[in-house]
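Colleague: This is query.txt (compact mmCIF, C-alpha atoms and all ligand atoms).
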# COMPACT_ATOMS: atom_id res chain seq x y z
CA MET A 166 -30.45 -42.54 52.21
CA ILE A 167 -27.17 -44.36 52.28
CA LEU A 168 -27.92 -47.04 49.67
CA ASN A 169 -29.09 -44.51 47.10
CA LEU A 170 -25.97 -42.46 47.73
CA LEU A 171 -23.64 -45.45 47.45
CA ARG A 172 -25.37 -46.78 44.34
CA SER A 173 -25.45 -43.47 42.51
CA GLN A 174 -21.98 -42.32 43.53
CA THR A 175 -20.15 -45.57 42.78
CA HIS A 176 -21.91 -46.37 39.53
CA ASP A 177 -18.87 -45.21 37.53
CA LEU A 178 -16.65 -47.64 39.43
CA HIS A 179 -19.05 -50.54 38.96
CA ASP A 180 -19.01 -49.84 35.23
CA ARG A 181 -15.23 -49.93 35.39
CA MET A 182 -15.32 -53.33 37.17
CA GLU A 183 -17.48 -54.74 34.39
CA ALA A 184 -15.17 -53.34 31.71
CA TYR A 185 -12.02 -55.25 32.78
CA ASP A 186 -11.11 -58.00 30.30
CA LEU A 187 -11.39 -60.61 33.02
CA SER A 188 -14.93 -59.48 33.88
CA LYS A 189 -15.99 -59.42 30.24
CA LEU A 190 -14.65 -62.94 29.87
CA MET A 191 -17.08 -64.13 32.57
CA LEU A 192 -20.05 -63.22 30.39
CA SER A 193 -18.47 -64.48 27.17
CA PRO A 194 -19.23 -67.86 25.58
CA GLU A 195 -15.42 -68.19 25.35
CA VAL A 196 -14.97 -68.39 29.13
CA THR A 197 -12.61 -71.16 30.23
CA PRO A 198 -12.13 -72.83 33.63
CA ALA A 199 -8.76 -71.02 33.84
CA GLY A 200 -10.45 -67.67 33.19
CA TYR A 201 -13.10 -68.35 35.79
CA ALA A 202 -10.35 -69.36 38.25
CA ALA A 203 -8.54 -66.08 37.55
CA PHE A 204 -11.69 -64.06 38.22
CA LEU A 205 -12.16 -65.92 41.51
CA ALA A 206 -8.49 -65.44 42.41
CA SER A 207 -8.76 -61.67 41.92
CA HIS A 208 -11.70 -61.62 44.34
CA TYR A 209 -9.86 -63.85 46.79
CA ARG A 210 -7.00 -61.34 46.98
CA LEU A 211 -9.36 -58.60 48.17
CA LEU A 212 -11.70 -60.69 50.31
CA ALA A 213 -9.04 -62.73 52.13
CA ALA A 214 -7.47 -59.45 53.24
CA LEU A 215 -10.63 -57.46 53.90
CA GLU A 216 -13.06 -59.92 55.50
CA PRO A 217 -10.94 -60.77 58.58
CA ARG A 218 -10.33 -57.05 59.11
CA LEU A 219 -14.01 -56.23 58.87
CA ASP A 220 -14.95 -59.06 61.22
CA ALA A 221 -12.33 -58.00 63.77
CA PHE A 222 -13.45 -54.38 63.49
CA PHE A 223 -17.14 -55.08 64.11
CA ALA A 224 -16.39 -57.65 66.84
CA ALA A 225 -14.26 -55.07 68.68
CA GLN A 226 -17.28 -52.75 68.99
CA GLY A 227 -18.70 -55.11 71.63
CA GLY A 228 -22.11 -56.76 71.72
CA GLU A 229 -23.68 -58.62 68.83
CA PRO A 230 -21.86 -57.48 65.65
CA PRO A 231 -24.31 -55.88 63.17
CA TYR A 232 -22.17 -57.25 60.35
CA ARG A 233 -20.32 -60.52 59.79
CA SER A 234 -18.57 -61.26 56.53
CA ALA A 235 -19.43 -65.00 56.58
CA GLY A 236 -15.99 -65.74 55.15
CA LYS A 237 -16.69 -65.56 51.45
CA HIS A 238 -12.98 -65.91 50.76
CA GLN A 239 -13.21 -69.45 52.16
CA HIS A 240 -15.87 -70.30 49.58
CA ILE A 241 -13.58 -68.93 46.90
CA ALA A 242 -10.73 -71.04 48.28
CA ALA A 243 -12.95 -74.13 47.98
CA ASP A 244 -13.83 -73.22 44.37
CA LEU A 245 -10.16 -72.66 43.49
CA ALA A 246 -9.23 -76.01 45.03
CA ALA A 247 -11.98 -77.70 42.98
CA LEU A 248 -10.54 -76.05 39.87
CA GLY A 249 -7.01 -77.18 40.78
CA ALA A 250 -5.90 -73.54 40.87
CA PRO A 251 -3.44 -72.12 43.40
CA LEU A 252 -4.51 -69.72 46.14
CA PRO A 253 -3.10 -66.26 45.50
CA GLU A 254 -1.64 -64.05 48.20
CA PRO A 255 -4.18 -61.78 49.88
CA LEU A 256 -3.68 -58.07 49.22
CA ALA A 257 -1.06 -56.49 51.46
CA ALA A 258 -2.46 -54.39 54.29
CA ASP A 259 -1.32 -51.14 52.71
CA ASP A 260 -3.14 -52.00 49.46
CA LEU A 261 -6.41 -52.06 51.36
CA PRO A 262 -8.53 -49.02 52.05
CA ALA A 263 -7.92 -47.83 55.59
CA PHE A 264 -10.90 -47.75 57.88
CA GLU A 265 -10.94 -46.37 61.34
CA THR A 266 -14.61 -45.58 61.78
CA THR A 267 -17.70 -47.75 61.69
CA ALA A 268 -19.07 -45.79 58.74
CA GLN A 269 -15.94 -46.56 56.72
CA ALA A 270 -16.23 -50.26 57.59
CA TRP A 271 -19.85 -50.27 56.35
CA GLY A 272 -18.75 -48.65 53.10
CA ALA A 273 -16.12 -51.33 52.48
CA ALA A 274 -18.61 -54.09 53.37
CA TYR A 275 -21.12 -52.64 50.88
CA VAL A 276 -18.76 -53.37 47.99
CA ILE A 277 -18.11 -56.99 48.85
CA GLU A 278 -21.76 -57.72 49.72
CA GLY A 279 -22.96 -56.07 46.51
CA ALA A 280 -20.41 -58.02 44.48
CA ALA A 281 -21.69 -61.26 46.00
CA MET A 282 -25.28 -60.30 45.16
CA GLY A 283 -24.36 -59.30 41.59
CA GLY A 284 -22.53 -62.64 41.40
CA MET A 285 -25.94 -64.30 40.95
CA VAL A 286 -25.93 -63.04 37.37
CA LEU A 287 -22.49 -64.53 36.78
CA HIS A 288 -23.54 -67.78 38.40
CA ARG A 289 -26.46 -68.06 36.00
CA ALA A 290 -24.28 -67.28 32.97
CA LEU A 291 -21.37 -69.54 33.91
CA SER A 292 -23.44 -72.53 34.90
CA GLN A 293 -24.91 -72.59 31.38
CA ARG A 294 -21.52 -72.93 29.68
CA PRO A 295 -20.82 -76.52 28.62
CA GLN A 296 -17.07 -76.06 29.20
CA LEU A 297 -17.78 -75.32 32.90
CA ALA A 298 -20.58 -77.83 33.33
CA GLN A 299 -18.24 -80.43 34.85
CA LEU A 300 -17.27 -78.18 37.76
CA PRO A 301 -18.36 -79.57 41.13
CA ALA A 302 -19.82 -76.37 42.53
CA PHE A 303 -20.05 -72.63 42.45
CA SER A 304 -19.54 -72.13 46.13
CA TYR A 305 -18.79 -68.38 46.10
CA LEU A 306 -21.08 -67.32 43.25
CA GLY A 307 -23.81 -69.60 44.60
CA GLY A 308 -23.82 -67.67 47.88
CA GLY A 309 -22.13 -70.39 49.96
CA GLY A 310 -25.43 -71.94 50.97
CA GLN A 311 -27.21 -68.68 51.77
CA PRO A 312 -29.28 -67.19 48.93
CA PRO A 313 -27.37 -63.99 47.98
CA VAL A 314 -30.58 -62.00 47.67
CA VAL A 315 -31.65 -62.81 51.24
CA ARG A 316 -28.25 -61.83 52.60
CA TRP A 317 -28.28 -58.65 50.53
CA GLN A 318 -31.70 -57.60 51.82
CA SER A 319 -30.61 -57.99 55.40
CA PHE A 320 -27.33 -56.16 54.69
CA CYS A 321 -29.30 -53.25 53.21
CA GLU A 322 -31.46 -53.01 56.33
CA GLN A 323 -28.40 -53.03 58.59
CA ILE A 324 -26.39 -50.42 56.70
CA ALA A 325 -29.43 -48.14 56.45
CA ALA A 326 -29.93 -48.39 60.22
CA HIS A 327 -26.27 -47.75 61.07
CA VAL A 328 -25.06 -45.16 58.56
CA VAL A 329 -27.44 -42.27 58.92
CA ASP A 330 -25.95 -38.84 59.40
CA GLU A 331 -24.42 -36.91 56.54
CA ALA A 332 -20.77 -37.12 57.67
CA ASP A 333 -21.05 -40.89 58.16
CA GLN A 334 -22.66 -41.31 54.76
CA GLN A 335 -19.82 -39.41 53.10
CA ALA A 336 -17.22 -41.46 55.01
CA ALA A 337 -18.92 -44.70 53.92
CA LEU A 338 -18.96 -43.50 50.33
CA ALA A 339 -15.24 -42.66 50.35
CA ALA A 340 -14.44 -46.10 51.81
CA ALA A 341 -16.66 -47.83 49.24
CA ARG A 342 -14.89 -46.00 46.42
CA ALA A 343 -11.48 -46.95 47.85
CA THR A 344 -12.59 -50.58 48.10
CA TYR A 345 -13.69 -50.59 44.47
CA GLU A 346 -10.30 -49.13 43.53
CA ALA A 347 -8.54 -51.95 45.41
CA MET A 348 -10.71 -54.51 43.58
CA GLY A 349 -9.88 -52.82 40.30
CA ARG A 350 -6.17 -53.30 40.98
CA CYS A 351 -6.79 -57.00 41.65
CA LEU A 352 -8.77 -57.43 38.42
CA ALA A 353 -6.28 -55.46 36.36
CA THR A 354 -3.23 -57.41 37.50
CA GLN A 355 -4.61 -60.96 37.73
CA PRO A 356 -2.91 -63.34 35.27
CA ILE A 357 -4.87 -66.19 33.68
CA LEU A 358 -2.95 -69.38 34.41
CA GLY A 359 -3.37 -72.54 32.38
C1 LIG B 401 -18.38 -59.45 35.56
C2 LIG B 401 -18.42 -58.47 36.45
C3 LIG B 401 -19.67 -58.00 37.12
C4 LIG B 401 -20.97 -58.07 36.72
C5 LIG B 401 -21.53 -58.66 35.43
C6 LIG B 401 -21.79 -57.50 37.77
C7 LIG B 401 -23.16 -57.43 37.75
C8 LIG B 401 -23.93 -56.88 38.74
C9 LIG B 401 -25.38 -56.82 38.73
C10 LIG B 401 -26.26 -57.40 37.61
C11 LIG B 401 -25.76 -56.21 39.85
C12 LIG B 401 -27.19 -55.88 40.27
C13 LIG B 401 -27.86 -57.08 40.85
C14 LIG B 401 -29.29 -56.77 41.29
O1 LIG B 401 -29.58 -55.62 41.66
O2 LIG B 401 -30.07 -57.71 41.29
C15 LIG B 401 -24.57 -55.85 40.59
C16 LIG B 401 -24.56 -55.18 41.78
C17 LIG B 401 -23.42 -54.83 42.46
N1 LIG B 401 -22.13 -55.18 42.14
FE1 LIG B 401 -21.56 -56.06 40.45
N2 LIG B 401 -20.96 -57.06 38.77
C18 LIG B 401 -19.67 -57.36 38.42
C19 LIG B 401 -18.54 -57.12 39.16
C20 LIG B 401 -18.52 -56.49 40.36
C21 LIG B 401 -17.33 -56.26 41.15
C22 LIG B 401 -15.92 -56.72 40.76
C23 LIG B 401 -17.72 -55.58 42.26
C24 LIG B 401 -16.88 -55.11 43.42
C25 LIG B 401 -15.99 -55.88 44.03
C26 LIG B 401 -19.15 -55.40 42.18
C27 LIG B 401 -19.93 -54.75 43.11
C28 LIG B 401 -21.29 -54.63 43.07
C29 LIG B 401 -22.07 -53.89 44.05
C30 LIG B 401 -21.54 -53.14 45.27
C31 LIG B 401 -23.41 -54.03 43.67
C32 LIG B 401 -24.61 -53.47 44.41
C33 LIG B 401 -25.09 -52.19 43.78
C34 LIG B 401 -26.32 -51.70 44.51
O3 LIG B 401 -27.41 -52.16 44.19
O4 LIG B 401 -26.16 -50.86 45.40
N3 LIG B 401 -19.60 -55.97 41.02
N4 LIG B 401 -23.47 -56.28 39.89
Write the structure described by the file as structure tokens, please.
Ligand code: HEM

Modeller:
Amino acid sequence: MILNLLRSQTHDLHDRMEAYDLSKLMLSPEVTPAGYAAFLASHYRLLAALEPRLDAFFAAQGGEPPYRSAGKHQHIAADLAALGAPLPEPLAADDLPAFETTAQAWGAAYVIEGAAMGGMVLHRALSQRPQLAQLPAFSYLGGGGQPPVVRWQSFCEQIAAHVVDEADQQAALAAARATYEAMGRCLATQPILG
């Protein structure tokens, strides 16, 4: 089934995400507000470009969209404002994975929904650091008011219902891998300001 395929066939890329210096900093006792802001900014670059495209894509299918991004990039924007950090430019359209089919859109959505769910671990780690304790909120990592695990469970049900046949599953996988690659470029190039 699609989730097993995505999980097993993108594991290498998730490992790569965790290995970037910026990611390792998030789990380090040395994390600073500027480092946390940089990590958020790298995610903003991908999400601010991808979420509106995903929402427009699913809305254009007609009827009740089976997926809505819920605008996570806006939660990141609120966190960056609270940190006094500038908003970066979203990724340019040609830096984003192309998707023309519904299966590809589901594959891209998998990466950003999984990242938000995995963000619970970062939330727990960061909120224990005294140097970040003064921050007003963890809007993005806190799930923006919706428990990430609840959202993730419902996402898993939806993707499993909509990406079923073999060709669709392979198309979703290719799009998920391309989305991870785009995120990797954001993490690799993000400067730490301040
Ligand atoms: C500091 C960096 C990161 C850490 C420590 C981390 C940690 C985690 C953890 C612990 C989970 C599993 C959560 C659970 O099952 O309860 C997870 C899942 C996931 N993460 Fe990350 N993550 C990081 C970065 C990223 C990035 C940058 C992306 C992509 C933009 C990403 C995408 C995903 C996806 C798609 C899943 C779902 C995997 C699945 O169960 O199918 N993660 N992450």

Colleague: May I ask you to write as a VMD selection string all residues lying at most 8 Å from ligand LIG 401 (chain B), with all atoms listed in the file counted?

Modeller: chain A and resid 168 to 169 171 to 173 176 179 182 to 184 187 to 192 208 275 to 287 314 344 to 345 348 to 349 352

Colleague: Report as a tab-separated table the residues of region 184-249 of chain A within 12 Å of region 323-329 of chain A, each with its shortest atom pair and distance in Å (one decimal), using only C-alpha atoms, ordered by chain and increasing residue number.

Modeller:
residue	atom	partner	partner_atom	distance
A:Pro230	CA	A:Gln323	CA	10.6
A:Pro231	CA	A:Gln323	CA	6.8
A:Tyr232	CA	A:Gln323	CA	7.7
A:Arg233	CA	A:Gln323	CA	11.1

Colleague: Near region 245-247 of chain A, counting only C-alpha atoms, which residues have an atom at most 12 Å away, once you skip same-chain residues fewer than 5 positions from it, shown as a VMD selection string?

Modeller: chain A and resid 198 to 209 238 to 240 252 to 253 297 299 to 305

Colleague: Which residue, A:Ala332, A:Ala274, A:Leu256, A:Cys321, has the smallest gap to Arg350 (chain A) when you use all atoms listed in the file?

Modeller: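 Checking each candidate against Arg350 (chain A), we get A:Leu256 as the closest.
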
Colleague: Using all atoms listed in the file, find the one residue out of A:Ala250, A:Ile167, A:Ala225, A:Val315 that sits nearest to Trp271 (chain A).

Modeller: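 Of all the options, A:Ile167 lies closest to Trp271 (chain A).
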
Colleague: Smallest atom-to-atom distance to Ala347 (chain A): which of A:Gly307, A:Gln335, A:Leu261, A:Arg289, using only C-alpha atoms?

Modeller: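 Between A:Gly307, A:Gln335, A:Leu261, A:Arg289, the residue approaching Ala347 (chain A) most closely is A:Leu261.
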
Colleague: If I take CA of Gly272 (chain A) and CA of Ala336 (chain A), how far is one from the other in Å, to one decimal?

Modeller: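 Result for CA of Gly272 (chain A) versus CA of Ala336 (chain A): 7.6 Å, one decimal.
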
Colleague: Figure out the distance between CA of Thr266 (chain A) and CA of Ala337 (chain A), please, to one decimal in Å.

Modeller: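 One can read the CA of Ala337 (chain A) to CA of Thr266 (chain A) distance as 9.0 Å.
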
Colleague: Hey, can you check how far CA of Ala270 (chain A) sits from CA of Asp186 (chain A)?

Modeller: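 Answer for the CA of Ala270 (chain A) to CA of Asp186 (chain A) separation: 28.8 Å.
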
Colleague: Give the centre and edge lengths of an axis-aligned box, in Å to one decimal, that holds all listed atoms of region 216-233 of chain A with 8 Å on each side, as lines of an AutoDock Vina configuration file.

Modeller:
center_x = -17.3
center_y = -56.8
center_z = 63.6
size_x = 30.0
size_y = 24.0
size_z = 32.2

Colleague: Which is closer to Ala343 (chain A) than all the others in A:Pro194, A:Pro262, A:Gly227, A:Pro217, using all atoms listed in the file?

Modeller: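 Looking at the shortest contact to Ala343 (chain A), the residue is A:Pro262.
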
Colleague: Rank A:Leu211, A:Ala258, A:Ile357, A:Leu306 by their smallest atom-to-atom distance to Asp244 (chain A), using all atoms listed in the file, and report the top residue only.

Modeller: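 Answer, going by the shortest atom-to-atom distance: A:Leu306.
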
Colleague: Contacts of Arg294 (chain A) at 9 Å or less, counting all atoms listed in the file, minus same-chain residues fewer than 2 places along, as a count of residues only?

Modeller: 9

Colleague: Go through A:Thr197, A:Ile241, A:Leu170, A:Phe223 one by one, measure the shortest atom-to-atom distance of each to Glu331 (chain A) using all atoms listed in the file, and give the residue with the smallest value.

Modeller: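 Distance minimum relative to Glu331 (chain A) lands on A:Leu170.
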